[in-house]
Amino acid sequence: MIEFQAVTKRFDDGTTAVDNLDMVVEAGTITVFVGPSGCGKTTSLRMVNRMIEPTSGTVLVDGEDIRKSNPALLRRRIGYVIQQAGLFPHRTVLDNVATVPLLSGWTRRKARARAAELLETVGLDAAMGKRYPSQLSGGQQQRVGVARALAADPPVLLMDEPFSAVDPVVREGLQDELLRLQADLDKTIVFVTHDIDEAVRIGEKVAVFRKGGVLAQYAAPAELLSNPADDFVSSFVGKDRGYRGLSFLQADGIQLGGVSTMGLHGEHLSGERPSTVGGPDWTLVLDDDGRPRGWLPPGVVIQGEPAEEDLRPGGSLYTEGTALRGALDAALSSPSGLGVVVDDAGRYTGVVTAQQVIDLIEERRKDAA
Amino acid sequence: MILQELFGWFGDPAHWQGPDGVPNRMLEHLGYTLLSVFGAAAIAIPLGLYVGHSGRGGVVLVGLSNAMRALPTLGLVTFLFLIAGGSEAGTIVGLIVLAVPPILAGTYSGVQDTDRGVVDAARGMGMTGWQRLWQVEVPNALPLLMGGLRNAALQVVATASVAAYVGLGGLGRLLLDGLRVIDYSKVLAGALFIALLAVLLDLVLAGLQRIIVPRGLRVAAAAVAGRPKARSSGRTES
């Protein structure tokens with residue numbers, strides 16, 4: 001747990017970076033600090049490991065005033081990940097990850113064994129340990145940065161815009177990886193970003209800062225999107241917040257429809273569920289494992305096997321049990337207007353329409369009222 | 001023909017022995033050079049590391065080392081030689097003053113040029129100031145530091161010839177004595193040996209640089225230059 005008690009930071013030039021911050025970052029959560037540049041989010045983060053000293057106020061980590069600890073020793077107990085990773089270019093990947101254990105007096109052999117283990121934990125091949133940082137891609141470097149921060153198994157992890165320098169596709173992968181790691185590790189993570197999408201995607205709690213270092217709102221992402229505290233927060237979370245809010249609604253109670261399906265060899269498969277959705281007569285083609293391959297438009301008659309050029313590529317797939325946003329997107333992006341629903345293994349289980357999603361939202365709204 | 005005369009000069013065994021022989025002059029020259037470069041390094045490297053690491057006094061340092069570069073070497077060496085009562089020490093001090101600026105600049109900028117994110121990460125992971133200096137800043141400063149050292153060595157080899165001007169030894173003797181008696185093959189031989197010494201010294205320092213600069217930095221430099229990565233691909237070295 002990290003507590004800020006009336007923390008203020010004024011720089012020598014007179015600007016106030018953080019203004020009387022009072023907040024508690026709960027243990028075992030990912031808490032995201034988000035806001036425009038100059039809002040004090042990074043300064044707040046850096047005050048936790050004494051990279052910056054507050055002008056006034058107190059920061060407690062697990063109940064202990066951090067001013068009582070030697071800064072270097074304090075930092076070895078707090079993982080630190082920064083933008084572009086900041087890996088040591090002169091050391092191998094393995095020795096980069098072994099840095100903090102070595103500083104803490106582990107033997108080289110033990111530190112390297114731990115480092116190799118961590119490379120696998122963050123999804124890298126242990127053989128990569130022999131390479132140098134310049135031989136890795138940006139995303140791989142960032143994974144090494146995370147491994148390095150985790151090496152001494154610190155209870156607290158500070159991440160300062162760690163994924164902002166990698167391209168969007170890689171970034172999404174890294175975010176998923178972080179969530180997966182956190183499910184196992186249960187660290188107290190403070191994550192700074194300027195990207196509200198990233199904030200609501202990975203944060204269990206989100207702290208929105210405004211210019212001048214004032215905490216504007218501190219809430220769970222769903223609350224932030226549905227109930228912004230003021231105009232600043234509502235404009236910062238943006239125009240699409242209604243749609244993004246669907247990320248936090250479960251799709252329980254949605255009735256999957258069926259559609260006629262065909263195997264790759266032209267055999268007609270019957271849908272397992274009764275069709276509850278009317279509509280055009282599209283046929284979904286499945287591969288031998290039951291995974292969707294594409295759509296056949298109405299009126300196309302297939303003799304024998306459907307050829308690749310007969311198939312229209314499908315839209316996004318909606319995995320059963322995930323949030324409503326995925327269901328709506330699947331329906332909107334499908335050429336047939338029918339969102340394809342799959343199970344965890346990617347096998348076809350049914351279809352859903354945009355209308356069904358809207359109806360479900362309306363129903364929930366009535367229930368809530 | 002000057003070349004024939006030169007070969008004749010080389011062929012004369014008298015030129016290869018005794019206090020005025022080439023080997024002795026070369027050793028003297030090398031001695032002045034090493035003494036001056038080591039002396040300069042002993043001053044410039046710690047100072048450059050301190051200023052680069054702490055960030056204090058960078059402006060003063062750059063101004064000072066530019067001022068030192070502007071000093072006329074021959075005048076300085078003669079002046080110090082006279083002040084020191086006609087001993088070698090004055091000459092060596094003059095050469096040290098000449099060698100300090102390039103080493104200082106190389107060391108300072110080497111530390112300064114270490115990626116800010118890397119230094120920030122080093123601090124954030126709990127390195128003390130000394131650990132950061134020795135484990136991060138010094139290894140990253142080595143390419144530029146060694147560059148400064150090689151620069152200084154070349155300058156000193158060339159300039160150590162002025163020691164002869166104030167009556168000391170070294171290969172400069174061949175130049176000055178040859179000029180005095182209008183023996184151009186001797187002058188040419190002196191010039192060639194000075195050049196040879198400069199090249200050999202630079203080769204030795206280049207070899208040293210290859211040994212002490214961490215492999216990761218060479219790999220990174222090669223990647224930046226867009227060339228294929230360093231010759232071995234990491235599998236051969238552990």
# chains A, B, ... in the order shown; residues from 1 in each chain; ligands from 1

call {"tool": "interface_residues", "arguments": {"of": "chain A", "to": "chain B", "cutoff": "7 Å", "atoms": "only C-alpha atoms", "output": "mmCIF file with C-alpha atoms, in the first residue's frame"}}
result
data_model
loop_
_atom_site.group_PDB
_atom_site.id
_atom_site.type_symbol
_atom_site.label_atom_id
_atom_site.label_comp_id
_atom_site.auth_asym_id
_atom_site.auth_seq_id
_atom_site.Cartn_x
_atom_site.Cartn_y
_atom_site.Cartn_z
ATOM 1 C CA MET A 51 13.816 10.092 -7.140
ATOM 2 C CA ALA A 72 19.312 3.402 -2.641
ATOM 3 C CA LEU A 73 18.094 0.638 -0.323
ATOM 4 C CA ARG A 75 14.716 1.711 -4.453
ATOM 5 C CA ARG A 76 15.989 -1.858 -4.454
ATOM 6 C CA GLY A 79 10.634 -2.101 -9.038
ATOM 7 C CA TYR A 80 11.150 0.671 -11.580
ATOM 8 C CA GLY A 86 16.565 2.335 -20.073
ATOM 9 C CA LEU A 87 18.430 -0.961 -20.386
ATOM 10 C CA PHE A 88 22.200 -0.890 -19.880
ATOM 11 C CA PRO A 89 23.592 -1.089 -23.418
ATOM 12 C CA HIS A 90 26.931 -2.484 -22.243
ATOM 13 C CA ARG A 91 25.454 -5.454 -20.411
ATOM 14 C CA THR A 92 23.796 -8.565 -21.769
ATOM 15 C CA VAL A 100 19.148 -5.528 -8.533
ATOM 16 C CA LYS A 130 22.990 -13.653 -24.175
ATOM 17 C CA ARG A 131 22.044 -10.824 -26.507
ATOM 18 C CA TYR A 132 22.576 -7.137 -25.981
ATOM 19 C CA SER A 134 20.443 -3.075 -29.059
#

call {"tool": "residues_around", "arguments": {"residues": "Ser54 (chain B)", "least_positions_apart": "6", "cutoff": "12 Å", "atoms": "only C-alpha atoms", "output": "PyMOL selection string"}}
result
chain B and resi 46-48+108+111-112+129-130+132-133+137

call {"tool": "write_last_selection", "arguments": {"atoms": "C-alpha atoms", "output": "PDB file, in the first residue's frame"}}
result
ATOM      1  CA  PRO B  46      39.196  11.867 -12.586  1.00  0.00           C
ATOM      2  CA  LEU B  47      38.269  15.485 -13.233  1.00  0.00           C
ATOM      3  CA  GLY B  48      36.211  14.599 -16.310  1.00  0.00           C
ATOM      4  CA  TYR B 108      33.469  14.481 -19.735  1.00  0.00           C
ATOM      5  CA  VAL B 111      29.885  10.466 -19.183  1.00  0.00           C
ATOM      6  CA  GLN B 112      27.516  13.221 -20.287  1.00  0.00           C
ATOM      7  CA  GLY B 129      26.466   7.307  -6.840  1.00  0.00           C
ATOM      8  CA  TRP B 130      29.668   5.254  -6.975  1.00  0.00           C
ATOM      9  CA  ARG B 132      26.299   4.317 -11.029  1.00  0.00           C
ATOM     10  CA  LEU B 133      29.671   5.827 -11.923  1.00  0.00           C
ATOM     11  CA  GLU B 137      28.811   5.797 -16.647  1.00  0.00           C
TER      12      GLU B 137
END

call {"tool": "atom_distance", "arguments": {"atom1": "CA of Arg50 (chain A)", "atom2": "CA of Pro71 (chain A)"}}
result
6.2 Å

call {"tool": "closest_residue", "arguments": {"among": "A:Ala222, A:Ala199, A:Val233, A:Val61", "to": "Gln250 (chain A)", "atoms": "only C-alpha atoms"}}
result
A:Ala222

call {"tool": "residues_around", "arguments": {"residues": "Glu88 (chain B)", "least_positions_apart": "5", "cutoff": "12 Å", "atoms": "only C-alpha atoms", "output": "number ranges by chain"}}
result
B: 28, 31-32, 35-36, 77-78, 80-83, 93-95, 160, 162-164, 166-170

call {"tool": "residues_around", "arguments": {"residues": "Leu200 (chain B)", "least_positions_apart": "4", "cutoff": "12 Å", "atoms": "only C-alpha atoms", "output": "PyMOL selection string"}}
result
chain B and resi 26+30+150+153-154+157+193-196+204-207

call {"tool": "atom_distance", "arguments": {"atom1": "CA of Pro313 (chain A)", "atom2": "CA of Glu177 (chain A)"}}
result
28.1 Å

call {"tool": "decode", "arguments": {"residues": "region 19-132 of chain A", "atoms": "C-alpha atoms", "output": "PDB file, in the first residue's frame"}}
result
ATOM      1  CA  ASP A  19      -0.579  20.177  -5.102  1.00  0.00           C
ATOM      2  CA  ASN A  20      -1.596  18.746  -1.752  1.00  0.00           C
ATOM      3  CA  LEU A  21      -2.089  15.171  -2.916  1.00  0.00           C
ATOM      4  CA  ASP A  22      -3.970  12.869  -0.572  1.00  0.00           C
ATOM      5  CA  MET A  23      -4.565   9.370  -1.860  1.00  0.00           C
ATOM      6  CA  VAL A  24      -4.126   5.713  -1.070  1.00  0.00           C
ATOM      7  CA  VAL A  25      -2.896   3.225  -3.642  1.00  0.00           C
ATOM      8  CA  GLU A  26      -4.262  -0.082  -2.471  1.00  0.00           C
ATOM      9  CA  ALA A  27      -2.018  -3.102  -2.150  1.00  0.00           C
ATOM     10  CA  GLY A  28      -2.224  -5.670  -4.924  1.00  0.00           C
ATOM     11  CA  THR A  29      -3.873  -3.383  -7.476  1.00  0.00           C
ATOM     12  CA  ILE A  30      -2.833  -1.704 -10.676  1.00  0.00           C
ATOM     13  CA  THR A  31      -3.406   1.987 -10.111  1.00  0.00           C
ATOM     14  CA  VAL A  32      -2.998   4.256 -13.100  1.00  0.00           C
ATOM     15  CA  PHE A  33      -2.030   7.933 -12.880  1.00  0.00           C
ATOM     16  CA  VAL A  34      -3.271   9.659 -16.005  1.00  0.00           C
ATOM     17  CA  GLY A  35      -3.516  13.249 -17.194  1.00  0.00           C
ATOM     18  CA  PRO A  36      -2.192  15.784 -19.673  1.00  0.00           C
ATOM     19  CA  SER A  37       1.490  16.690 -19.632  1.00  0.00           C
ATOM     20  CA  GLY A  38       2.495  18.881 -16.722  1.00  0.00           C
ATOM     21  CA  CYS A  39      -0.185  17.451 -14.441  1.00  0.00           C
ATOM     22  CA  GLY A  40       2.255  16.027 -11.907  1.00  0.00           C
ATOM     23  CA  LYS A  41       1.597  12.335 -12.567  1.00  0.00           C
ATOM     24  CA  THR A  42       5.248  11.436 -13.154  1.00  0.00           C
ATOM     25  CA  THR A  43       6.395  13.668 -10.299  1.00  0.00           C
ATOM     26  CA  SER A  44       3.971  11.858  -7.988  1.00  0.00           C
ATOM     27  CA  LEU A  45       5.322   8.501  -9.122  1.00  0.00           C
ATOM     28  CA  ARG A  46       8.920   9.561  -8.666  1.00  0.00           C
ATOM     29  CA  MET A  47       8.256  10.716  -5.135  1.00  0.00           C
ATOM     30  CA  VAL A  48       7.440   7.130  -4.153  1.00  0.00           C
ATOM     31  CA  ASN A  49      11.040   5.945  -4.624  1.00  0.00           C
ATOM     32  CA  ARG A  50      12.594   9.282  -3.649  1.00  0.00           C
ATOM     33  CA  MET A  51      13.816  10.092  -7.140  1.00  0.00           C
ATOM     34  CA  ILE A  52      12.120  13.391  -6.283  1.00  0.00           C
ATOM     35  CA  GLU A  53      11.703  14.628  -2.709  1.00  0.00           C
ATOM     36  CA  PRO A  54       8.383  16.267  -1.770  1.00  0.00           C
ATOM     37  CA  THR A  55       8.435  19.903  -0.697  1.00  0.00           C
ATOM     38  CA  SER A  56       5.993  19.012   2.055  1.00  0.00           C
ATOM     39  CA  GLY A  57       3.832  16.104   3.117  1.00  0.00           C
ATOM     40  CA  THR A  58       4.575  12.440   3.668  1.00  0.00           C
ATOM     41  CA  VAL A  59       4.694   9.357   1.466  1.00  0.00           C
ATOM     42  CA  LEU A  60       4.237   5.993   3.172  1.00  0.00           C
ATOM     43  CA  VAL A  61       5.025   2.636   1.588  1.00  0.00           C
ATOM     44  CA  ASP A  62       3.460  -0.230   3.537  1.00  0.00           C
ATOM     45  CA  GLY A  63       2.931   2.104   6.460  1.00  0.00           C
ATOM     46  CA  GLU A  64       6.529   3.240   6.608  1.00  0.00           C
ATOM     47  CA  ASP A  65       7.637   6.820   6.010  1.00  0.00           C
ATOM     48  CA  ILE A  66      10.040   6.544   3.073  1.00  0.00           C
ATOM     49  CA  ARG A  67      12.197   9.361   4.416  1.00  0.00           C
ATOM     50  CA  LYS A  68      13.408   6.928   7.069  1.00  0.00           C
ATOM     51  CA  SER A  69      14.979   4.631   4.472  1.00  0.00           C
ATOM     52  CA  ASN A  70      18.240   5.135   2.656  1.00  0.00           C
ATOM     53  CA  PRO A  71      17.182   6.048  -0.909  1.00  0.00           C
ATOM     54  CA  ALA A  72      19.312   3.402  -2.641  1.00  0.00           C
ATOM     55  CA  LEU A  73      18.094   0.638  -0.323  1.00  0.00           C
ATOM     56  CA  LEU A  74      14.486   1.828  -0.646  1.00  0.00           C
ATOM     57  CA  ARG A  75      14.716   1.711  -4.453  1.00  0.00           C
ATOM     58  CA  ARG A  76      15.989  -1.858  -4.454  1.00  0.00           C
ATOM     59  CA  ARG A  77      12.691  -2.822  -2.806  1.00  0.00           C
ATOM     60  CA  ILE A  78      10.639  -0.967  -5.423  1.00  0.00           C
ATOM     61  CA  GLY A  79      10.634  -2.101  -9.038  1.00  0.00           C
ATOM     62  CA  TYR A  80      11.150   0.671 -11.580  1.00  0.00           C
ATOM     63  CA  VAL A  81      10.239   0.564 -15.268  1.00  0.00           C
ATOM     64  CA  ILE A  82      10.622   3.587 -17.555  1.00  0.00           C
ATOM     65  CA  GLN A  83       9.816   4.611 -21.104  1.00  0.00           C
ATOM     66  CA  GLN A  84      12.163   2.965 -23.636  1.00  0.00           C
ATOM     67  CA  ALA A  85      13.222   0.641 -20.811  1.00  0.00           C
ATOM     68  CA  GLY A  86      16.565   2.335 -20.073  1.00  0.00           C
ATOM     69  CA  LEU A  87      18.430  -0.961 -20.386  1.00  0.00           C
ATOM     70  CA  PHE A  88      22.200  -0.890 -19.880  1.00  0.00           C
ATOM     71  CA  PRO A  89      23.592  -1.089 -23.418  1.00  0.00           C
ATOM     72  CA  HIS A  90      26.931  -2.484 -22.243  1.00  0.00           C
ATOM     73  CA  ARG A  91      25.454  -5.454 -20.411  1.00  0.00           C
ATOM     74  CA  THR A  92      23.796  -8.565 -21.769  1.00  0.00           C
ATOM     75  CA  VAL A  93      20.060  -8.933 -21.358  1.00  0.00           C
ATOM     76  CA  LEU A  94      20.643 -11.521 -18.625  1.00  0.00           C
ATOM     77  CA  ASP A  95      22.968  -9.252 -16.651  1.00  0.00           C
ATOM     78  CA  ASN A  96      20.550  -6.369 -17.069  1.00  0.00           C
ATOM     79  CA  VAL A  97      17.842  -8.434 -15.400  1.00  0.00           C
ATOM     80  CA  ALA A  98      20.274  -9.564 -12.685  1.00  0.00           C
ATOM     81  CA  THR A  99      21.123  -5.963 -11.739  1.00  0.00           C
ATOM     82  CA  VAL A 100      19.148  -5.528  -8.533  1.00  0.00           C
ATOM     83  CA  PRO A 101      19.889  -9.011  -7.115  1.00  0.00           C
ATOM     84  CA  LEU A 102      23.595  -8.327  -7.688  1.00  0.00           C
ATOM     85  CA  LEU A 103      23.307  -4.947  -5.978  1.00  0.00           C
ATOM     86  CA  SER A 104      21.649  -6.711  -3.069  1.00  0.00           C
ATOM     87  CA  GLY A 105      24.627  -9.019  -2.714  1.00  0.00           C
ATOM     88  CA  TRP A 106      23.412 -12.215  -4.373  1.00  0.00           C
ATOM     89  CA  THR A 107      26.067 -14.405  -5.949  1.00  0.00           C
ATOM     90  CA  ARG A 108      26.430 -14.011  -9.705  1.00  0.00           C
ATOM     91  CA  ARG A 109      25.313 -17.574 -10.321  1.00  0.00           C
ATOM     92  CA  LYS A 110      22.147 -17.205  -8.264  1.00  0.00           C
ATOM     93  CA  ALA A 111      21.337 -13.793  -9.730  1.00  0.00           C
ATOM     94  CA  ARG A 112      21.699 -15.108 -13.280  1.00  0.00           C
ATOM     95  CA  ALA A 113      19.580 -18.174 -12.568  1.00  0.00           C
ATOM     96  CA  ARG A 114      16.863 -15.870 -11.247  1.00  0.00           C
ATOM     97  CA  ALA A 115      17.241 -13.616 -14.285  1.00  0.00           C
ATOM     98  CA  ALA A 116      16.840 -16.524 -16.696  1.00  0.00           C
ATOM     99  CA  GLU A 117      13.678 -17.567 -14.880  1.00  0.00           C
ATOM    100  CA  LEU A 118      12.271 -14.051 -15.180  1.00  0.00           C
ATOM    101  CA  LEU A 119      12.930 -13.840 -18.912  1.00  0.00           C
ATOM    102  CA  GLU A 120      10.574 -16.771 -19.309  1.00  0.00           C
ATOM    103  CA  THR A 121       8.077 -15.186 -16.949  1.00  0.00           C
ATOM    104  CA  VAL A 122       7.798 -12.131 -19.212  1.00  0.00           C
ATOM    105  CA  GLY A 123       7.493 -14.321 -22.293  1.00  0.00           C
ATOM    106  CA  LEU A 124      11.024 -14.189 -23.684  1.00  0.00           C
ATOM    107  CA  ASP A 125      13.173 -17.095 -24.749  1.00  0.00           C
ATOM    108  CA  ALA A 126      15.950 -17.717 -22.176  1.00  0.00           C
ATOM    109  CA  ALA A 127      18.429 -17.836 -25.083  1.00  0.00           C
ATOM    110  CA  MET A 128      17.804 -14.121 -25.521  1.00  0.00           C
ATOM    111  CA  GLY A 129      19.718 -13.553 -22.296  1.00  0.00           C
ATOM    112  CA  LYS A 130      22.990 -13.653 -24.175  1.00  0.00           C
ATOM    113  CA  ARG A 131      22.044 -10.824 -26.507  1.00  0.00           C
ATOM    114  CA  TYR A 132      22.576  -7.137 -25.981  1.00  0.00           C
TER     115      TYR A 132
END
